[in-house]
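*Asks:* Structure below; questions to follow.
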Amino acid sequence: ATLLGDLDVIQQHIKAGTDLNDKEPAVGSSPLITASVFGKTEVAIALIEAGADLNSTNNEGSTPLHCAAFFCHVEIVEELLDNGADRDLRNIYGSTALESIADPWQDVKGIYDEFSKALGPLGLKLDYRQLEETRPIIAEMLR
């Protein structure tokens, strides 16, 4: 439901008391992490408002904030920060959310290419121009 952005089903899970922090086994993403990667803003907001763990981590130690920042989902980053997400947590690579987007675009474009290949079949659509232009905005939000 999160991957598809199906807010109605998400609301049903919230009302039913489903564990909002349950992680899928492949990469250990919680629903909020998935929403943060795929830019499912309405779903992310519903999960945040329902009390999902803002600092849950996937298998790489990345939090929803790491993911929303890296994929430049401004509204999700705002919601996470406004609701108390810890901007100082480090993933297994030793990076905070800010540090994960601090490198110059040309140095990280290949990482986005890999994510596009891996997650494209699941619906990840990357707008490289938008990513390049939004990374500095996200960085400023995280400072």
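How things are named: the first chain in the structure tokens is A, the next is B, and so on; residues count from 1 in each chain; ligands count from 1 in the order shown.
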Considering only helix (DSSP H, G or I) as DSSP defines it on the backbone, what residues of chain A qualify? List them as a PyMOL selection string.

*Replies:* chain A and resi 7-16+31-38+41-49+64-70+74-82+97-100+105-122+128-142

*Asks:* Dump as a Markdown table the rows for residues of segment 62-124 of chain A within 10 Å of segment 1-22 of chain A: closest atom pair and distance in Å with one decimal, only C-alpha atoms counted, ordered by chain and rising residue number.

*Replies:*
| residue | atom | partner | partner_atom | distance |
| --- | --- | --- | --- | --- |
| A:Leu122 | CA | A:Leu3 | CA | 7.8 |
| A:Gly123 | CA | A:Leu3 | CA | 8.0 |
| A:Leu124 | CA | A:Leu3 | CA | 9.4 |

*Asks:* Would you output that residue set with all heavy atoms, as a compact mmCIF listing (two decimals), in the first residue's frame?

*Replies:*
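Dumped everything to result12.txt:
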# COMPACT_ATOMS: atom_id res chain seq x y z
N LEU A 122 10.17 -1.00 -9.37
CA LEU A 122 9.17 -0.86 -8.31
C LEU A 122 8.44 0.48 -8.39
O LEU A 122 7.60 0.77 -7.56
CB LEU A 122 9.84 -0.99 -6.93
CG LEU A 122 10.47 -2.35 -6.64
CD1 LEU A 122 11.20 -2.31 -5.31
CD2 LEU A 122 9.40 -3.44 -6.64
N GLY A 123 8.83 1.30 -9.37
CA GLY A 123 8.14 2.57 -9.58
C GLY A 123 8.93 3.81 -9.23
O GLY A 123 8.40 4.92 -9.32
N LEU A 124 10.20 3.68 -8.86
CA LEU A 124 11.01 4.86 -8.56
C LEU A 124 11.30 5.60 -9.86
O LEU A 124 11.88 5.03 -10.79
CB LEU A 124 12.31 4.49 -7.86
CG LEU A 124 13.19 5.67 -7.46
CD1 LEU A 124 12.54 6.45 -6.31
CD2 LEU A 124 14.57 5.20 -7.06

*Asks:* Neighbours of His66 of chain A within 8 Å (only C-alpha atoms; same-chain residues fewer than 2 positions away dropped), as a list in words?

*Replies:*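 In the requested format, the answer is Ser62, Thr63, Pro64, Ala68, Ala69, Phe70, Thr96, Ala97, Leu98 and Ser100 of chain A.
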
*Asks:* Would you write out those residues with N, CA, C and O atoms, as an mmCIF file, in the first residue's frame?

*Replies:*
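Contents of selection.cif, as written:
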data_model
loop_
_atom_site.group_PDB
_atom_site.id
_atom_site.type_symbol
_atom_site.label_atom_id
_atom_site.label_comp_id
_atom_site.auth_asym_id
_atom_site.auth_seq_id
_atom_site.Cartn_x
_atom_site.Cartn_y
_atom_site.Cartn_z
ATOM 1 N N SER A 62 19.919 3.745 7.362
ATOM 2 C CA SER A 62 19.306 4.996 6.923
ATOM 3 C C SER A 62 17.916 5.142 7.524
ATOM 4 O O SER A 62 17.157 4.176 7.606
ATOM 5 N N THR A 63 17.605 6.357 7.920
ATOM 6 C CA THR A 63 16.320 6.699 8.514
ATOM 7 C C THR A 63 15.396 7.266 7.432
ATOM 8 O O THR A 63 15.851 7.552 6.313
ATOM 9 N N PRO A 64 14.134 7.489 7.764
ATOM 10 C CA PRO A 64 13.263 8.172 6.803
ATOM 11 C C PRO A 64 13.845 9.526 6.371
ATOM 12 O O PRO A 64 13.732 9.907 5.206
ATOM 13 N N ALA A 68 14.375 10.588 2.563
ATOM 14 C CA ALA A 68 13.649 11.726 1.999
ATOM 15 C C ALA A 68 14.623 12.804 1.536
ATOM 16 O O ALA A 68 14.426 13.417 0.480
ATOM 17 N N ALA A 69 15.686 13.013 2.308
ATOM 18 C CA ALA A 69 16.691 14.012 1.924
ATOM 19 C C ALA A 69 17.409 13.584 0.653
ATOM 20 O O ALA A 69 17.523 14.363 -0.304
ATOM 21 N N PHE A 70 17.881 12.354 0.625
ATOM 22 C CA PHE A 70 18.652 11.883 -0.525
ATOM 23 C C PHE A 70 17.836 11.932 -1.816
ATOM 24 O O PHE A 70 18.352 12.294 -2.870
ATOM 25 N N THR A 96 25.293 11.477 8.193
ATOM 26 C CA THR A 96 24.009 12.018 8.610
ATOM 27 C C THR A 96 23.193 12.275 7.342
ATOM 28 O O THR A 96 23.717 12.178 6.218
ATOM 29 N N ALA A 97 21.942 12.658 7.507
ATOM 30 C CA ALA A 97 21.118 12.990 6.334
ATOM 31 C C ALA A 97 21.761 14.123 5.542
ATOM 32 O O ALA A 97 21.822 14.072 4.311
ATOM 33 N N LEU A 98 22.273 15.133 6.231
ATOM 34 C CA LEU A 98 22.935 16.243 5.549
ATOM 35 C C LEU A 98 24.165 15.765 4.794
ATOM 36 O O LEU A 98 24.360 16.096 3.621
ATOM 37 N N SER A 100 24.733 12.934 3.610
ATOM 38 C CA SER A 100 24.392 12.048 2.494
ATOM 39 C C SER A 100 24.051 12.817 1.224
ATOM 40 O O SER A 100 24.010 12.233 0.146
#

*Asks:* Between A:Asn59, A:Thr34, A:Asn91, A:Gln106, which has the minimum distance to Leu47 of chain A (counting only C-alpha atoms)?

*Replies:*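 Closest to Leu47 of chain A, using only C-alpha atoms: A:Thr34.
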